[in-house]
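Some notes on the structure that comes next.
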2 protein chains.
Amino acid sequence: MKKSLGAKTFAYPTPVWVIGTYDKDGKPNVMTVAWGGICGSQPPCVAVSIRSATYTHGSIILRKAFTINIPSAAHVKAADYFGMVSGRKEDKLAAAGLTAVKSEKVDAPSIVEFPLILECRLIDHIEVGIHTHFIGEIVDVKADESVLGDEGMPDIFKVKPMIYEPGIRRYYGTGEFLGQAFSIGKRD
Amino acid sequence: MKKSLGAKTFAYPTPVWVIGTYDKDGKPNVMTVAWGGICGSQPPCVAVSIRSATYTHGSIILRKAFTINIPSAAHVKAADYFGMVSGRKEDKLAAAGLTAVKSEKVDAPSIVEFPLILECRLIDHIEVGIHTHFIGEIVDVKADESVLGDEGMPDIFKVKPMIYEPGIRRYYGTGEFLGQAFSIGKRD
């Protein structure tokens with residue numbers, strides 16, 4: 001028997017992604033989101049939801065570009081900090097001792113110290129309650145050579161991405177290998 | 001120095017969610033997705049992307065409802081199977097030995113054996129390449145009493161949600177506790 005918990009955002013896992021943008025003056029800013037996910041394969045697209053009150057929101061509209069910077073577990077404090085403070089008030093990257101670099105393919109900065117970056121071009125957005133749901137086409141993925149494994153693909157145990165748990169609001173790491181997709185569930 | 005990997009859907013983590021729908025005849029069907037995420041807080045909303053070729057796609061449009069059934073790691077084989085075969089051809093739940101039950105608040109079935117269910121009412125959809133991106137309002141969350149922990153909230157170590165890794169296409173479990181959000185990153 002299941003218990004009703006009400007209308008809540010209790011979905012597991014949600015990601016821990018740091019959105020990189022340039023403001024109107026070209027100053028880099030970053031903001032952590034958990035409301036997002038891949039939303040298309042051809043072209044590869046990703047969606048993130050951001051409140052209009054944030055500094056990042058205006059920068060995405062203005063520049064029509066953003067990056068998704070995927071932090072490793074070692075960056076948990078920086079990622080949490082980036083979600084609590086507005087870029088209007090603080091230079092968050094400087095405060096965290098991290099470095100912004102211009103992306104190769106979009107008008108947005110990426111974080112040098114984070115292992116995996118998605119460079120995204122804004123292609124659509126819709127309003128969902130108090131959030132704007134931004135759809136970005138992923139025009140390139142950049143990875144540190146140190147996190148690449150078999151066949152030059154990112155190795156999740158080297159990237160060490162985090163999970164956010166939206167109920168009691170905690171961060172978790174990546175767990176054990178469970179199986180190969182499109183294979184382990186095959187029926188004879 | 002980072003290496004360019006091209007325009008790919010290499011975002012970590014992505015979820016492993018099983019979408020439940022009724023078809024035009026009221027037959028329950030399920031399908032696994034990794035393209036999705038929470039997309040709003042007020043009202044609580046979730047987005048999932050599904051190709052128009054799938055059987056699930058037509059059922060969501062018809063019924064304007066779906067469930068997100070979050071499998072535990074123990075259900076990895078069933079979840080993988082649900083993503084490989086069409087409900088047009090097979091009764092996937094019967095084949096996996098799992099049970100559908102009518103949801104309380106939406107016109108969609110949920111899976112009795114899965115620990116956490118989001119009951120969703122379709123409120124919007126947009127086309128993103130070959131996928132339709134469905135926005136659902138989460139009208140209720142149902143959880144097995146056995147996965148509830150402190151303060152009656154879901155305990156992630158009891159739910160045991162999976163991560164999907166879209167590069168080499170593997171499933172992983174939930175890892176270790178890393179920190180309390182909106183707290184661990186506070187600066188003095």
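Chain labels follow the order of the structure tokens: the first chain is A, the next B, and so on; residue numbering restarts at 1 in every chain, and ligands are counted from 1 in their shown order.
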| task | Would you return as an MDAnalysis selection string the members of chain B that DSSP assigns to strand (DSSP E) on this structure's backbone? | result | chainID B and resid 2:6 14:15 17:22 28:33 36:41 44:51 65:70 100:102 109:111 116:128 131:144 163:165 170:180
Residue neighbourhood Thr174 of chain A, 8 Å, only C-alpha atoms, exclusion window fewer than 2 positions, as a short mmCIF file (atom, residue, chain, number, x, y, z; two decimals) with C-alpha atoms, in the first residue's frame:
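Okay, selection_16.cif is ready:
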```
data_model
loop_
_atom_site.label_atom_id
_atom_site.label_comp_id
_atom_site.auth_asym_id
_atom_site.auth_seq_id
_atom_site.Cartn_x
_atom_site.Cartn_y
_atom_site.Cartn_z
CA ILE A 156 31.45 8.14 -14.98
CA PHE A 157 33.75 6.97 -12.16
CA LYS A 160 32.04 11.56 -10.42
CA PRO A 161 28.78 13.47 -11.07
CA MET A 162 26.47 14.23 -8.16
CA ILE A 163 22.78 13.50 -7.59
CA TYR A 172 24.85 12.07 -3.23
CA GLU A 176 27.91 0.98 -8.34
CA ILE B 163 21.35 6.65 -12.92
CA TYR B 172 24.50 2.86 -11.99
CA GLY B 173 23.18 3.05 -8.45
CA THR B 174 23.01 5.87 -5.93
CA GLY B 175 26.29 6.68 -4.23
CA GLU B 176 27.39 8.02 -0.87
#
```
| message | Restricting the calculation to only C-alpha atoms: of A:Met84, A:Ile184, A:Ala78, A:Leu98, which residue gets closest to Ile111 of chain A? | response |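 Of all the options, A:Leu98 lies closest to Ile111 of chain A.
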| Please, which residues of chain A, numbered as in this document, come out helix (DSSP H, G or I) from DSSP, as a VMD selection string? | chain A and resid 55 to 63 73 to 82 92 to 96 145 to 147 150 to 152 156 to 159
Next, dump the selected residues to file, keeping only C-alpha atoms, as a short mmCIF file (atom, residue, chain, number, x, y, z; two decimals), in the first residue's frame.
```cif
data_model
loop_
_atom_site.label_atom_id
_atom_site.label_comp_id
_atom_site.auth_asym_id
_atom_site.auth_seq_id
_atom_site.Cartn_x
_atom_site.Cartn_y
_atom_site.Cartn_z
CA TYR A 55 20.54 37.01 -12.84
CA THR A 56 21.21 34.00 -15.08
CA HIS A 57 17.72 34.19 -16.61
CA GLY A 58 18.29 37.57 -18.23
CA SER A 59 21.72 36.58 -19.47
CA ILE A 60 20.38 33.49 -21.25
CA ILE A 61 17.69 35.57 -22.96
CA LEU A 62 20.26 38.21 -23.96
CA ARG A 63 23.07 35.94 -25.16
CA ALA A 73 31.76 15.34 -6.11
CA ALA A 74 34.91 17.20 -5.00
CA HIS A 75 33.17 20.45 -6.03
CA VAL A 76 30.12 19.92 -3.83
CA LYS A 77 30.75 23.03 -1.71
CA ALA A 78 31.20 25.30 -4.73
CA ALA A 79 28.13 23.85 -6.46
CA ASP A 80 26.02 24.42 -3.35
CA TYR A 81 27.33 27.97 -2.95
CA PHE A 82 26.55 28.76 -6.61
CA LYS A 92 30.84 33.69 -7.41
CA LEU A 93 33.65 32.15 -9.45
CA ALA A 94 36.27 34.38 -7.84
CA ALA A 95 34.87 33.64 -4.39
CA ALA A 96 35.10 29.90 -5.07
CA GLU A 145 41.31 14.23 -20.95
CA SER A 146 41.73 12.91 -17.40
CA VAL A 147 38.08 11.76 -17.23
CA ASP A 150 37.33 3.29 -22.93
CA GLU A 151 37.04 4.39 -26.56
CA GLY A 152 37.67 8.00 -25.56
CA ILE A 156 31.45 8.14 -14.98
CA PHE A 157 33.75 6.97 -12.16
CA LYS A 158 36.25 9.63 -13.21
CA VAL A 159 33.69 12.40 -13.80
#
```
| message | I need the contact residues of chain B against chain A, so if you could list those with any atom within 6 Å, counting only C-alpha atoms, and return them as a PyMOL selection string, that would help. | response | chain B and resi 2-9+13+15+35-40+42-44+49+77-78+80-81+128-129+131+138-144+169-181+184-186
| request: Counting only C-alpha atoms, figure out which residue out of B:Arg121, B:Gly97, B:Gly149, B:Glu90 gets nearest to Lys27 of chain B. | output: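 Closest to Lys27 of chain B of all the choices is B:Glu90.
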| task | With a distance cut-off of 7 Å and only C-alpha atoms, select the neighbouring residues of Tyr22 of chain B, excluding the residue or stretch itself and same-chain residues fewer than 4 positions from it, and output the selection as a list in words. | result |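 What passes the distance filter is Gly26, Lys27, Pro28, Asn29, Ser59, Ala108 and Pro109 of chain B.
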File of the preceding selection, all heavy atoms, as a PDB file, in the first residue's frame:
```pdb
ATOM      1  N   GLY B  26      -7.804   1.192 -22.861  1.00  0.00           N
ATOM      2  CA  GLY B  26      -7.646   1.062 -21.415  1.00  0.00           C
ATOM      3  C   GLY B  26      -6.603   0.042 -20.991  1.00  0.00           C
ATOM      4  O   GLY B  26      -6.506  -0.302 -19.811  1.00  0.00           O
ATOM      5  N   LYS B  27      -5.806  -0.415 -21.954  1.00  0.00           N
ATOM      6  CA  LYS B  27      -4.743  -1.372 -21.615  1.00  0.00           C
ATOM      7  C   LYS B  27      -3.531  -0.622 -21.069  1.00  0.00           C
ATOM      8  O   LYS B  27      -3.073   0.341 -21.692  1.00  0.00           O
ATOM      9  CB  LYS B  27      -4.335  -2.179 -22.858  1.00  0.00           C
ATOM     10  CG  LYS B  27      -3.487  -3.413 -22.534  1.00  0.00           C
ATOM     11  CD  LYS B  27      -2.997  -4.110 -23.789  1.00  0.00           C
ATOM     12  CE  LYS B  27      -1.582  -3.699 -24.109  1.00  0.00           C
ATOM     13  NZ  LYS B  27      -0.980  -4.369 -25.247  1.00  0.00           N
ATOM     14  N   PRO B  28      -3.005  -1.031 -19.919  1.00  0.00           N
ATOM     15  CA  PRO B  28      -1.826  -0.344 -19.377  1.00  0.00           C
ATOM     16  C   PRO B  28      -0.573  -0.661 -20.183  1.00  0.00           C
ATOM     17  O   PRO B  28      -0.403  -1.785 -20.665  1.00  0.00           O
ATOM     18  CB  PRO B  28      -1.712  -0.900 -17.953  1.00  0.00           C
ATOM     19  CG  PRO B  28      -2.493  -2.155 -17.928  1.00  0.00           C
ATOM     20  CD  PRO B  28      -3.522  -2.085 -19.018  1.00  0.00           C
ATOM     21  N   ASN B  29       0.279   0.331 -20.322  1.00  0.00           N
ATOM     22  CA  ASN B  29       1.553   0.151 -21.002  1.00  0.00           C
ATOM     23  C   ASN B  29       2.622   0.926 -20.244  1.00  0.00           C
ATOM     24  O   ASN B  29       2.324   1.903 -19.551  1.00  0.00           O
ATOM     25  CB  ASN B  29       1.458   0.650 -22.453  1.00  0.00           C
ATOM     26  CG  ASN B  29       2.742   0.389 -23.231  1.00  0.00           C
ATOM     27  OD1 ASN B  29       3.431  -0.595 -23.005  1.00  0.00           O
ATOM     28  ND2 ASN B  29       3.071   1.294 -24.138  1.00  0.00           N
ATOM     29  N   SER B  59      -0.738   7.582 -26.410  1.00  0.00           N
ATOM     30  CA  SER B  59      -1.552   7.419 -25.200  1.00  0.00           C
ATOM     31  C   SER B  59      -1.498   8.671 -24.320  1.00  0.00           C
ATOM     32  O   SER B  59      -2.501   9.055 -23.712  1.00  0.00           O
ATOM     33  CB  SER B  59      -1.071   6.194 -24.409  1.00  0.00           C
ATOM     34  OG  SER B  59      -1.232   5.018 -25.183  1.00  0.00           O
ATOM     35  N   ALA B 108      -4.064   7.165 -15.667  1.00  0.00           N
ATOM     36  CA  ALA B 108      -2.861   6.421 -16.069  1.00  0.00           C
ATOM     37  C   ALA B 108      -2.578   5.369 -15.002  1.00  0.00           C
ATOM     38  O   ALA B 108      -2.911   5.569 -13.826  1.00  0.00           O
ATOM     39  CB  ALA B 108      -1.669   7.371 -16.204  1.00  0.00           C
ATOM     40  N   PRO B 109      -1.966   4.270 -15.400  1.00  0.00           N
ATOM     41  CA  PRO B 109      -1.671   3.208 -14.434  1.00  0.00           C
ATOM     42  C   PRO B 109      -0.322   3.427 -13.753  1.00  0.00           C
ATOM     43  O   PRO B 109       0.570   4.062 -14.317  1.00  0.00           O
ATOM     44  CB  PRO B 109      -1.585   1.970 -15.334  1.00  0.00           C
ATOM     45  CG  PRO B 109      -1.033   2.496 -16.620  1.00  0.00           C
ATOM     46  CD  PRO B 109      -1.576   3.897 -16.783  1.00  0.00           C
TER      47      PRO B 109
END
```
| query | Which is closest to Val106 of chain B among B:Gly87, B:Ser72, B:Ser52, B:Thr21, if we use only C-alpha atoms? | reply |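 Nearest to Val106 of chain B: B:Thr21.
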| note | Atom pair atom CA of Phe114 of chain B + atom CA of Asp25 of chain B, distance 24.0 Å
| field | Computed interatomic separation between atom CA of Lys102 of chain A and atom CA of Ser86 of chain A (Å) | value |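 Value for the atom CA of Lys102 of chain A-atom CA of Ser86 of chain A distance: 20.8 Å.
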